[in-house]
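*Asks:* My structure file start.txt, compact mmCIF, C-alpha atoms (C1' of nucleotides), is below:
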# COMPACT_ATOMS: atom_id res chain seq x y z
CA MET A 1 -2.42 -7.59 -17.73
CA LEU A 2 -3.57 -4.15 -16.61
CA ARG A 3 -7.02 -5.53 -15.96
CA ALA A 4 -5.55 -8.36 -13.88
CA ALA A 5 -3.47 -5.89 -11.91
CA ALA A 6 -6.44 -3.57 -11.42
CA ARG A 7 -8.53 -6.43 -10.11
CA CYS A 8 -5.79 -7.46 -7.73
CA PHE A 9 -5.19 -3.96 -6.42
CA ASN A 10 -8.91 -3.35 -5.96
CA GLU A 11 -9.62 -6.64 -4.26
CA LYS A 12 -6.51 -7.16 -2.15
CA GLY A 13 -5.36 -3.59 -1.76
CA TYR A 14 -2.10 -2.28 -3.12
CA SER A 15 0.20 -3.48 -0.38
CA GLY A 16 -1.66 -6.76 -0.24
CA SER A 17 -1.00 -7.48 -3.90
CA SER A 18 2.36 -8.99 -4.71
CA LEU A 19 3.52 -9.26 -8.29
CA LYS A 20 3.17 -12.97 -7.78
CA ASP A 21 -0.55 -12.50 -7.19
CA VAL A 22 -0.97 -10.47 -10.34
CA ALA A 23 1.10 -12.92 -12.34
CA ALA A 24 -0.89 -15.87 -11.00
CA ILE A 25 -4.10 -14.48 -12.49
CA LEU A 26 -2.36 -14.48 -15.86
CA GLY A 27 -0.93 -17.95 -15.34
CA LEU A 28 2.57 -16.57 -15.20
CA THR A 29 5.47 -16.22 -12.85
CA ASP A 30 6.13 -12.93 -11.09
CA ALA A 31 9.42 -12.49 -12.91
CA ALA A 32 7.66 -12.71 -16.26
CA LEU A 33 5.93 -9.40 -15.61
CA TYR A 34 9.28 -7.67 -15.82
CA TYR A 35 9.31 -8.38 -19.50
CA TYR A 36 6.42 -5.97 -19.93
CA VAL A 37 7.01 -3.53 -17.14
CA ARG A 38 10.05 -2.01 -15.53
CA ASN A 39 8.75 -2.47 -11.97
CA LYS A 40 5.69 -2.52 -9.77
CA GLU A 41 5.46 1.25 -9.69
CA GLU A 42 5.20 1.35 -13.47
CA LEU A 43 2.49 -1.30 -13.39
CA VAL A 44 0.44 0.87 -11.06
CA TYR A 45 1.10 3.89 -13.22
CA LEU A 46 -0.14 2.10 -16.31
CA CYS A 47 -3.26 0.95 -14.47
CA TYR A 48 -4.01 4.52 -13.48
CA LEU A 49 -3.34 5.74 -16.98
CA ARG A 50 -5.83 3.24 -18.32
CA ALA A 51 -8.40 4.18 -15.69
CA ALA A 52 -8.03 7.81 -16.67
CA ASP A 53 -8.39 6.92 -20.33
CA VAL A 54 -11.65 5.13 -19.74
CA GLY A 55 -12.98 8.26 -18.06
CA ARG A 56 -11.70 10.56 -20.77
CA GLU A 57 -13.24 8.50 -23.52
CA ALA A 58 -16.60 8.54 -21.76
CA LEU A 59 -16.46 12.30 -21.39
CA ASP A 60 -15.35 12.77 -25.02
CA ARG A 61 -18.25 10.73 -26.23
CA ALA A 62 -20.71 12.54 -23.97
CA VAL A 63 -19.51 15.95 -25.10
CA ARG A 64 -19.73 14.83 -28.71
CA THR A 65 -23.29 13.55 -28.47
CA GLY A 66 -24.92 15.54 -25.65
CA SER A 67 -27.66 17.96 -26.63
CA ASN A 68 -27.04 20.37 -23.74
CA GLY A 69 -25.09 20.60 -20.48
CA LEU A 70 -27.39 18.44 -18.41
CA ASP A 71 -27.74 15.83 -21.12
CA THR A 72 -23.97 15.71 -21.50
CA VAL A 73 -23.50 15.16 -17.78
CA ARG A 74 -26.00 12.33 -17.80
CA ARG A 75 -24.44 10.71 -20.82
CA TYR A 76 -21.01 10.98 -19.30
CA LEU A 77 -22.18 9.25 -16.15
CA ARG A 78 -23.89 6.55 -18.15
CA TYR A 79 -20.93 5.96 -20.45
CA HIS A 80 -18.30 6.01 -17.74
CA LEU A 81 -20.21 3.73 -15.40
CA ALA A 82 -21.05 1.33 -18.20
CA ALA A 83 -17.38 1.15 -19.16
CA MET A 84 -16.12 0.69 -15.59
CA THR A 85 -18.62 -2.00 -14.74
CA GLY A 86 -18.56 -3.65 -18.14
CA GLU A 87 -16.10 -4.45 -20.88
CA ASP A 88 -13.40 -2.03 -19.75
CA GLY A 89 -13.51 -3.09 -16.13
CA PRO A 90 -12.20 -3.56 -13.68
CA VAL A 91 -10.49 -0.22 -13.53
CA ALA A 92 -8.06 0.57 -10.71
CA ILE A 93 -9.02 2.85 -7.85
CA MET A 94 -6.47 5.59 -7.58
CA SER A 95 -5.34 5.31 -4.02
CA GLU A 96 -1.51 5.24 -4.05
CA ILE A 97 -1.03 8.05 -6.52
CA PRO A 98 1.26 9.62 -3.91
CA SER A 99 3.68 6.72 -4.01
CA LEU A 100 4.26 6.92 -7.73
CA ARG A 101 7.54 8.32 -8.99
CA PRO A 102 7.34 12.12 -9.29
CA GLU A 103 7.14 12.10 -13.09
CA HIS A 104 4.37 9.53 -13.09
CA ARG A 105 2.57 11.11 -10.19
CA ASP A 106 2.60 14.52 -11.83
CA ARG A 107 1.39 13.02 -15.08
CA ILE A 108 -1.57 11.31 -13.41
CA LEU A 109 -2.45 14.34 -11.31
CA GLU A 110 -2.29 16.51 -14.40
CA ILE A 111 -4.62 14.19 -16.28
CA SER A 112 -7.02 13.96 -13.34
CA ARG A 113 -7.14 17.70 -12.98
CA ARG A 114 -7.76 18.15 -16.66
CA HIS A 115 -10.58 15.65 -16.50
CA SER A 116 -12.19 17.40 -13.53
CA ALA A 117 -11.77 20.74 -15.23
CA ARG A 118 -13.44 19.48 -18.37
CA PHE A 119 -16.31 18.11 -16.34
CA GLU A 120 -16.69 21.44 -14.58
CA ASP A 121 -16.72 23.13 -17.96
CA VAL A 122 -19.64 20.94 -18.95
CA LEU A 123 -21.43 22.03 -15.79
CA GLU A 124 -20.74 25.68 -16.62
CA SER A 125 -22.01 25.26 -20.14
CA GLY A 126 -25.16 23.66 -18.74
CA ILE A 127 -25.70 26.66 -16.51
CA GLU A 128 -25.26 28.92 -19.51
CA ASP A 129 -27.64 26.98 -21.75
CA GLY A 130 -30.19 26.92 -18.93
CA SER A 131 -30.34 23.16 -18.49
CA ILE A 132 -28.46 23.21 -15.18
CA ALA A 133 -29.36 25.37 -12.20
CA PRO A 134 -26.57 27.70 -11.02
CA CYS A 135 -24.38 25.99 -8.42
CA ASP A 136 -20.88 25.71 -7.00
CA VAL A 137 -19.43 23.78 -9.94
CA ARG A 138 -16.28 22.88 -8.09
CA MET A 139 -18.14 21.18 -5.24
CA THR A 140 -20.70 19.68 -7.57
CA GLY A 141 -17.90 18.20 -9.61
CA ASN A 142 -16.18 16.82 -6.53
CA ALA A 143 -19.39 15.28 -5.23
CA ILE A 144 -20.25 13.56 -8.48
CA MET A 145 -16.74 12.42 -9.37
CA GLY A 146 -16.22 11.08 -5.88
CA SER A 147 -19.17 8.81 -6.22
CA LEU A 148 -17.83 7.51 -9.54
CA ASN A 149 -14.31 7.07 -8.25
CA TRP A 150 -15.53 4.93 -5.40
CA VAL A 151 -17.36 2.44 -7.60
CA PRO A 152 -14.36 0.17 -8.26
CA LYS A 153 -13.97 -0.10 -4.50
CA TRP A 154 -17.15 -2.09 -4.00
CA PHE A 155 -18.22 -3.30 -7.44
CA ARG A 156 -17.18 -6.89 -8.00
CA GLY A 157 -18.33 -7.72 -11.50
CA ASP A 158 -21.90 -8.80 -10.78
CA ALA A 159 -23.82 -8.18 -14.00
CA ASP A 160 -27.11 -7.45 -12.26
CA ILE A 161 -25.49 -4.82 -10.07
CA ALA A 162 -23.76 -3.36 -13.12
CA THR A 163 -27.14 -2.85 -14.77
CA ARG A 164 -28.53 -1.17 -11.70
CA VAL A 165 -25.50 1.09 -11.30
CA VAL A 166 -25.77 2.30 -14.86
CA ALA A 167 -29.51 2.76 -14.50
CA GLU A 168 -29.62 4.46 -11.12
CA PHE A 169 -26.42 6.42 -10.53
CA PRO A 170 -26.89 8.96 -13.33
CA THR A 171 -30.35 9.82 -12.05
CA ILE A 172 -29.34 10.07 -8.42
CA LEU A 173 -26.23 12.10 -9.12
CA SER A 174 -27.70 14.49 -11.66
CA ALA A 175 -31.05 15.14 -10.00
CA GLY A 176 -29.67 18.11 -8.15
CA LEU A 177 -28.55 19.78 -11.37
CA ASP A 178 -31.80 20.06 -13.28
CA ALA A 179 -32.74 23.72 -13.73
CA SER A 180 -36.37 22.79 -14.34
CA GLY A 181 -36.58 21.24 -10.86
CA ARG A 182 -37.51 17.91 -12.42
CA ARG A 183 -35.83 14.63 -11.87
CA MET B 1 -1.71 9.71 16.79
CA LEU B 2 -4.57 8.31 14.75
CA ARG B 3 -5.11 11.68 13.19
CA ALA B 4 -1.44 11.92 12.29
CA ALA B 5 -1.52 8.46 10.77
CA ALA B 6 -4.70 9.23 8.87
CA ARG B 7 -3.17 12.36 7.45
CA CYS B 8 -0.07 10.46 6.41
CA PHE B 9 -1.98 7.61 4.78
CA ASN B 10 -4.27 10.01 2.94
CA GLU B 11 -1.50 12.28 1.70
CA LYS B 12 1.30 9.84 0.98
CA GLY B 13 -0.68 6.69 0.37
CA TYR B 14 -0.45 3.61 2.55
CA SER B 15 2.67 2.10 1.05
CA GLY B 16 4.27 5.52 0.85
CA SER B 17 3.85 6.12 4.58
CA SER B 18 6.51 4.60 6.78
CA LEU B 19 6.06 4.51 10.52
CA LYS B 20 8.92 6.96 10.59
CA ASP B 21 6.78 9.44 8.65
CA VAL B 22 3.88 9.06 11.05
CA ALA B 23 6.18 9.34 14.04
CA ALA B 24 7.86 12.43 12.61
CA ILE B 25 4.54 14.31 12.61
CA LEU B 26 4.29 13.57 16.31
CA GLY B 27 7.90 14.52 16.96
CA LEU B 28 8.76 10.94 17.82
CA THR B 29 10.87 8.08 16.64
CA ASP B 30 9.31 5.24 14.66
CA ALA B 31 10.07 2.77 17.40
CA ALA B 32 8.12 4.85 19.91
CA LEU B 33 4.88 4.05 18.12
CA TYR B 34 5.26 0.44 19.18
CA TYR B 35 4.54 1.51 22.70
CA TYR B 36 0.98 2.34 21.64
CA VAL B 37 0.41 -0.12 18.85
CA ARG B 38 1.41 -3.67 18.18
CA ASN B 39 2.34 -3.06 14.54
CA LYS B 40 1.52 -1.04 11.44
CA GLU B 41 -1.46 -3.20 10.63
CA GLU B 42 -3.02 -2.38 13.97
CA LEU B 43 -2.41 1.32 13.42
CA VAL B 44 -4.32 1.14 10.17
CA TYR B 45 -7.06 -0.84 11.85
CA LEU B 46 -7.44 1.77 14.58
CA CYS B 47 -7.55 4.54 11.99
CA TYR B 48 -10.37 2.76 10.18
CA LEU B 49 -12.19 2.11 13.41
CA ARG B 50 -12.06 5.80 14.20
CA ALA B 51 -13.22 6.73 10.71
CA ALA B 52 -16.16 4.38 11.09
CA ASP B 53 -16.98 5.86 14.48
CA VAL B 54 -17.13 9.37 13.12
CA GLY B 55 -19.64 8.17 10.55
CA ARG B 56 -21.69 6.25 13.06
CA GLU B 57 -21.90 9.19 15.42
CA ALA B 58 -23.10 11.44 12.62
CA LEU B 59 -25.77 8.95 11.66
CA ASP B 60 -26.83 8.44 15.29
CA ARG B 61 -27.24 12.14 15.75
CA ALA B 62 -29.15 12.52 12.48
CA VAL B 63 -31.52 9.70 13.33
CA ARG B 64 -32.08 11.20 16.77
CA THR B 65 -32.90 14.67 15.52
CA GLY B 66 -34.29 14.19 12.00
CA SER B 67 -37.97 14.98 11.49
CA ASN B 68 -38.46 12.52 8.62
CA GLY B 69 -36.43 10.30 6.28
CA LEU B 70 -35.27 13.03 3.96
CA ASP B 71 -34.42 15.39 6.79
CA THR B 72 -32.45 12.63 8.49
CA VAL B 73 -30.45 11.95 5.33
CA ARG B 74 -29.62 15.62 4.98
CA ARG B 75 -28.64 15.95 8.59
CA TYR B 76 -26.46 12.87 8.35
CA LEU B 77 -24.63 14.27 5.35
CA ARG B 78 -24.19 17.60 7.07
CA TYR B 79 -22.96 16.11 10.33
CA HIS B 80 -20.65 13.57 8.76
CA LEU B 81 -19.09 16.03 6.35
CA ALA B 82 -18.66 18.65 9.04
CA ALA B 83 -16.93 16.10 11.24
CA MET B 84 -14.62 14.78 8.50
CA THR B 85 -13.59 18.21 7.30
CA GLY B 86 -13.50 19.79 10.75
CA GLU B 87 -12.55 18.87 14.27
CA ASP B 88 -12.57 15.10 13.77
CA GLY B 89 -10.52 15.21 10.59
CA PRO B 90 -8.58 14.04 8.88
CA VAL B 91 -10.21 10.66 8.77
CA ALA B 92 -8.49 7.80 6.93
CA ILE B 93 -9.74 6.72 3.55
CA MET B 94 -10.38 2.99 3.69
CA SER B 95 -8.32 1.61 0.88
CA GLU B 96 -6.25 -1.29 2.30
CA ILE B 97 -9.04 -2.95 4.22
CA PRO B 98 -8.09 -6.14 2.35
CA SER B 99 -4.61 -6.21 3.79
CA LEU B 100 -5.78 -6.10 7.39
CA ARG B 101 -5.56 -9.26 9.45
CA PRO B 102 -8.69 -11.39 9.00
CA GLU B 103 -10.14 -10.54 12.41
CA HIS B 104 -9.62 -6.83 11.88
CA ARG B 105 -10.77 -6.95 8.30
CA ASP B 106 -13.95 -8.76 9.23
CA ARG B 107 -14.60 -6.33 12.03
CA ILE B 108 -14.27 -3.30 9.77
CA LEU B 109 -16.32 -4.87 6.99
CA GLU B 110 -19.00 -5.77 9.50
CA ILE B 111 -19.13 -2.22 10.81
CA SER B 112 -19.18 -0.76 7.30
CA ARG B 113 -21.99 -3.04 6.28
CA ARG B 114 -23.97 -2.18 9.36
CA HIS B 115 -23.50 1.51 8.65
CA SER B 116 -24.64 1.14 5.04
CA ALA B 117 -27.59 -0.95 6.15
CA ARG B 118 -28.63 1.68 8.67
CA PHE B 119 -28.38 4.37 6.03
CA GLU B 120 -30.52 2.30 3.68
CA ASP B 121 -33.03 1.88 6.49
CA VAL B 122 -33.26 5.64 6.74
CA LEU B 123 -33.92 5.79 3.01
CA GLU B 124 -36.65 3.15 3.37
CA SER B 125 -38.26 5.00 6.20
CA GLY B 126 -38.21 8.17 4.12
CA ILE B 127 -40.01 6.34 1.35
CA GLU B 128 -42.58 5.15 3.84
CA ASP B 129 -43.16 8.56 5.39
CA GLY B 130 -43.44 10.04 1.91
CA SER B 131 -40.50 12.41 2.14
CA ILE B 132 -38.36 10.35 -0.24
CA ALA B 133 -39.45 9.18 -3.68
CA PRO B 134 -39.33 5.40 -4.20
CA CYS B 135 -35.93 4.30 -5.50
CA ASP B 136 -33.34 1.54 -5.51
CA VAL B 137 -32.13 2.12 -1.96
CA ARG B 138 -29.10 -0.08 -2.37
CA MET B 139 -27.79 1.90 -5.35
CA THR B 140 -28.82 5.20 -3.85
CA GLY B 141 -26.91 4.31 -0.72
CA ASN B 142 -23.83 3.31 -2.71
CA ALA B 143 -23.91 6.48 -4.75
CA ILE B 144 -24.20 8.79 -1.77
CA MET B 145 -21.78 6.94 0.50
CA GLY B 146 -19.22 6.74 -2.29
CA SER B 147 -19.18 10.47 -2.62
CA LEU B 148 -18.63 10.82 1.14
CA ASN B 149 -15.96 8.17 1.28
CA TRP B 150 -13.95 9.90 -1.38
CA VAL B 151 -13.80 13.24 0.42
CA PRO B 152 -10.69 12.43 2.49
CA LYS B 153 -8.94 11.63 -0.78
CA TRP B 154 -8.93 15.22 -1.99
CA PHE B 155 -9.79 17.40 0.99
CA ARG B 156 -6.66 18.90 2.50
CA GLY B 157 -7.88 20.93 5.45
CA ASP B 158 -8.71 24.20 3.72
CA ALA B 159 -11.35 25.87 5.89
CA ASP B 160 -13.05 27.64 3.00
CA ILE B 161 -13.42 24.39 1.10
CA ALA B 162 -14.71 22.70 4.26
CA THR B 163 -17.48 25.27 4.48
CA ARG B 164 -18.43 24.77 0.87
CA VAL B 165 -18.41 20.99 1.17
CA VAL B 166 -20.75 21.08 4.14
CA ALA B 167 -22.97 23.61 2.41
CA GLU B 168 -23.13 22.04 -1.04
CA PHE B 169 -22.72 18.28 -0.80
CA PRO B 170 -25.91 17.59 1.14
CA THR B 171 -27.97 19.47 -1.40
CA ILE B 172 -26.33 17.91 -4.42
CA LEU B 173 -26.48 14.40 -3.03
CA SER B 174 -29.99 14.50 -1.66
CA ALA B 175 -31.70 16.38 -4.48
CA GLY B 176 -32.59 13.16 -6.22
CA LEU B 177 -34.42 11.86 -3.18
CA ASP B 178 -37.05 14.52 -2.62
CA ALA B 179 -40.49 13.08 -3.21
CA SER B 180 -41.92 16.54 -3.76
CA GLY B 181 -39.62 17.05 -6.74
CA ARG B 182 -38.11 20.10 -5.03
CA ARG B 183 -34.48 20.74 -4.37
C1' DC C 1 14.19 -27.34 -40.31
C1' DC C 2 17.21 -23.44 -38.79
C1' DG C 3 18.20 -19.17 -36.77
C1' DT C 4 16.68 -15.39 -34.37
C1' DA C 5 13.82 -12.92 -31.47
C1' DA C 6 10.18 -13.10 -28.04
C1' DT C 7 8.67 -14.87 -23.83
C1' DT C 8 8.94 -17.29 -19.53
C1' DT C 9 11.17 -19.59 -15.74
C1' DT C 10 14.54 -20.78 -12.26
C1' DA C 11 17.27 -19.49 -8.81
C1' DA C 12 19.55 -16.03 -6.58
C1' DT C 13 20.13 -11.46 -4.63
C1' DC C 14 18.90 -7.21 -2.54
C1' DT C 15 16.54 -3.93 0.26
C1' DG C 16 13.55 -0.67 2.56
C1' DG C 17 10.98 -0.61 6.16
C1' DA C 18 8.91 -3.15 9.91
C1' DT C 19 10.02 -5.00 14.05
C1' DT C 20 12.59 -6.03 18.48
C1' DA C 21 15.58 -5.70 22.70
C1' DA C 22 17.93 -3.24 25.74
C1' DA C 23 19.19 1.02 27.53
C1' DA C 24 18.14 5.85 28.53
C1' DT C 25 15.10 9.37 29.93
C1' DA C 26 10.92 11.50 31.81
C1' DA C 27 6.96 11.54 34.80
C1' DT C 28 4.52 10.51 38.92
C1' DG C 29 3.14 9.12 43.54
C1' DC C 30 4.80 8.91 48.06
C1' DG D 1 14.57 12.79 47.07
C1' DC D 2 13.50 7.94 45.84
C1' DA D 3 11.31 4.10 43.78
C1' DT D 4 8.40 2.76 40.32
C1' DT D 5 6.16 3.15 36.14
C1' DA D 6 5.61 5.31 31.66
C1' DT D 7 7.67 6.80 27.55
C1' DT D 8 11.21 7.27 24.14
C1' DT D 9 15.49 6.26 21.86
C1' DT D 10 19.43 3.76 20.06
C1' DA D 11 21.09 0.23 17.65
C1' DA D 12 20.44 -4.05 15.78
C1' DT D 13 17.78 -7.69 13.32
C1' DC D 14 14.78 -9.60 10.03
C1' DC D 15 12.13 -10.65 6.17
C1' DA D 16 8.55 -10.57 2.57
C1' DG D 17 8.53 -9.26 -1.72
C1' DA D 18 10.70 -6.68 -5.37
C1' DT D 19 14.18 -7.11 -8.48
C1' DT D 20 17.91 -9.25 -11.46
C1' DA D 21 20.71 -12.52 -14.30
C1' DA D 22 21.14 -16.36 -16.77
C1' DA D 23 19.15 -20.28 -18.68
C1' DA D 24 15.24 -22.59 -20.81
C1' DT D 25 11.44 -22.57 -23.70
C1' DT D 26 8.38 -21.01 -27.28
C1' DA D 27 7.02 -18.65 -31.60
C1' DC D 28 7.91 -17.61 -36.19
C1' DG D 29 9.88 -15.88 -40.68
C1' DG D 30 12.49 -17.64 -44.26
Written as structure tokens, how would this file's structure read?

*Replies:*
Amino acid sequence: MLRAAARCFNEKGYSGSSLKDVAAILGLTDAALYYYVRNKEELVYLCYLRAADVGREALDRAVRTGSNGLDTVRRYLRYHLAAMTGEDGPVAIMSEIPSLRPEHRDRILEISRRHSARFEDVLESGIEDGSIAPCDVRMTGNAIMGSLNWVPKWFRGDADIATRVVAEFPTILSAGLDASGRR
Amino acid sequence: MLRAAARCFNEKGYSGSSLKDVAAILGLTDAALYYYVRNKEELVYLCYLRAADVGREALDRAVRTGSNGLDTVRRYLRYHLAAMTGEDGPVAIMSEIPSLRPEHRDRILEISRRHSARFEDVLESGIEDGSIAPCDVRMTGNAIMGSLNWVPKWFRGDADIATRVVAEFPTILSAGLDASGRR
DNA sequence: CCGTAATTTTAATCTGGATTAAAATAATGC
DNA sequence: GCATTATTTTAATCCAGATTAAAATTACGG
């Protein structure tokens, strides 16, 4: 259900997606969704929560297995992109956070901030262990995460493209980090 | 007016922004907007058109003044980011393209595609002139443009941050391109 | 099979904004 | 000043889609 909703929101936009549209994908009636979800706002919230989870899991795994800062960054990119464009996709783009109910909005913002902060920590640790060249971690984080966050906007499930994204993005996005000047 | 609307849409989300909200920023009544615009859909369309224009102008200028492919890419990033975060900002983030009327949607998609294609051409030319290392230009374009497109999502007008974005993003995003292996 | 709970549908409501029409006000050229 | 046009407001509508309530169907343990 959350995947169906994510696909709808990504493809038709939030305001262009009625609950009827989402339900149709599942072969249901719009009213049936209310058995699982209090209202449309909650559906969006749950989509965002899931999207955040996919990112967190990727970062967890990268931190667990990375050999140094740079390697962790690259693994994170690989894992997150593979998840978004593969089994766990589609994942919802988080436009419309502002129209969530305050509690939900704060929750999502909190989680997003924590995720960004953790990513920046990885960058810092890479600078300390010498694998990443000193840089403005805040901006670096924003630049890299932005690129990731935009993927659901244009990616439409094509397996060939998915392969290329996972193969190319990590290289492109992490090239600027390498302390050795290599790519 | 388009700047006010862009700010509203970016900060409150599309569905969270009523015409009353947009009008309030301008010290007007919601109904007054209808003097300038046929309906909300057209307002969004015009915002997107303006956003696209800002990007096109930056690319035009970069192509005109760049000394080679890599230099052109860097100039483009610099110009576009400076415009988005400076005088021309805020620029609307293009979620909700799908809910535009077909004619408007097609127009915006056409313009976006043309812009991406032109950017990819610059990458190609950089590969030919030897300034850019061979790469998957399509993915490279997506990665870089995604990062740019996401900026309006989090940037909130802070002048210090604007400076850092313009200073850091071009380096981070173009580091992977340099054929010489330098940063 | 039966009873109970889980799920879905049908058929209404309900509602927040978008939209409109007419009237009021401001600006501008002469 | 006056006529004309430009702009804004007031005060209603209007309506797509969200939401709800009750009824129908399905699943399932005993």

*Asks:* For chain B against chain D, which residues fall within 12 Å using all atoms listed in the file, given as a PyMOL selection string?

*Replies:* chain B and resi 23+27-36

*Asks:* Could you list, as a VMD selection string, every residue of chain B that has an atom within 7 Å of an atom of chain A, counting only C-alpha atoms?

*Replies:* chain B and resid 11 to 16 95 to 96 98 to 99 139 to 140 143 to 144 146 to 147 150 165 168 to 169 172 to 173 175 to 176 181 to 183

*Asks:* Record the distance separating C1' of DA22 in chain C and CA of Asp21 in chain B, expressed in Å with one decimal.

*Replies:*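 Separation between C1' of DA22 in chain C and CA of Asp21 in chain B: 24.0 Å.
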
*Asks:* Counting only C-alpha atoms (C1' of nucleotides), what are the residues of chain C within 8 Å of chain B, and for each of them which pair of atoms is the nearest and at what distance in Å, to one decimal? Sort the table by chain and rising number, as a tab-separated table.

*Replies:*
residue	atom	partner	partner_atom	distance
C:DG17	C1'	B:Ser18	CA	6.9
C:DA18	C1'	B:Lys40	CA	7.8
C:DT19	C1'	B:Asn39	CA	7.9

*Asks:* Next, dump the selected residues to file, keeping only C-alpha atoms (C1' of nucleotides), as a short mmCIF file (atom, residue, chain, number, x, y, z; two decimals), in the frame of the given file.

*Replies:*
data_model
loop_
_atom_site.label_atom_id
_atom_site.label_comp_id
_atom_site.auth_asym_id
_atom_site.auth_seq_id
_atom_site.Cartn_x
_atom_site.Cartn_y
_atom_site.Cartn_z
"C1'" DG C 17 10.98 -0.61 6.16
"C1'" DA C 18 8.91 -3.15 9.91
"C1'" DT C 19 10.02 -5.00 14.05
#

*Asks:* Skip Cys47 in chain A itself and residues of its chain fewer than 3 positions away, then list as a list in words all residues within 7 Å of it, counting only C-alpha atoms (C1' of nucleotides).

*Replies:* Leu2, Ala6, Leu43, Val44, Arg50, Ala51 and Ala92 of chain A

*Asks:* With 4 Å added on each side, what axis-aligned box encloses every listed atom of range 62-74 of chain A? Give the centre and edge lengths in Å to one decimal, as lines of an AutoDock Vina configuration file.

*Replies:*
center_x = -23.6
center_y = 16.5
center_z = -23.2
size_x = 16.2
size_y = 16.3
size_z = 18.9
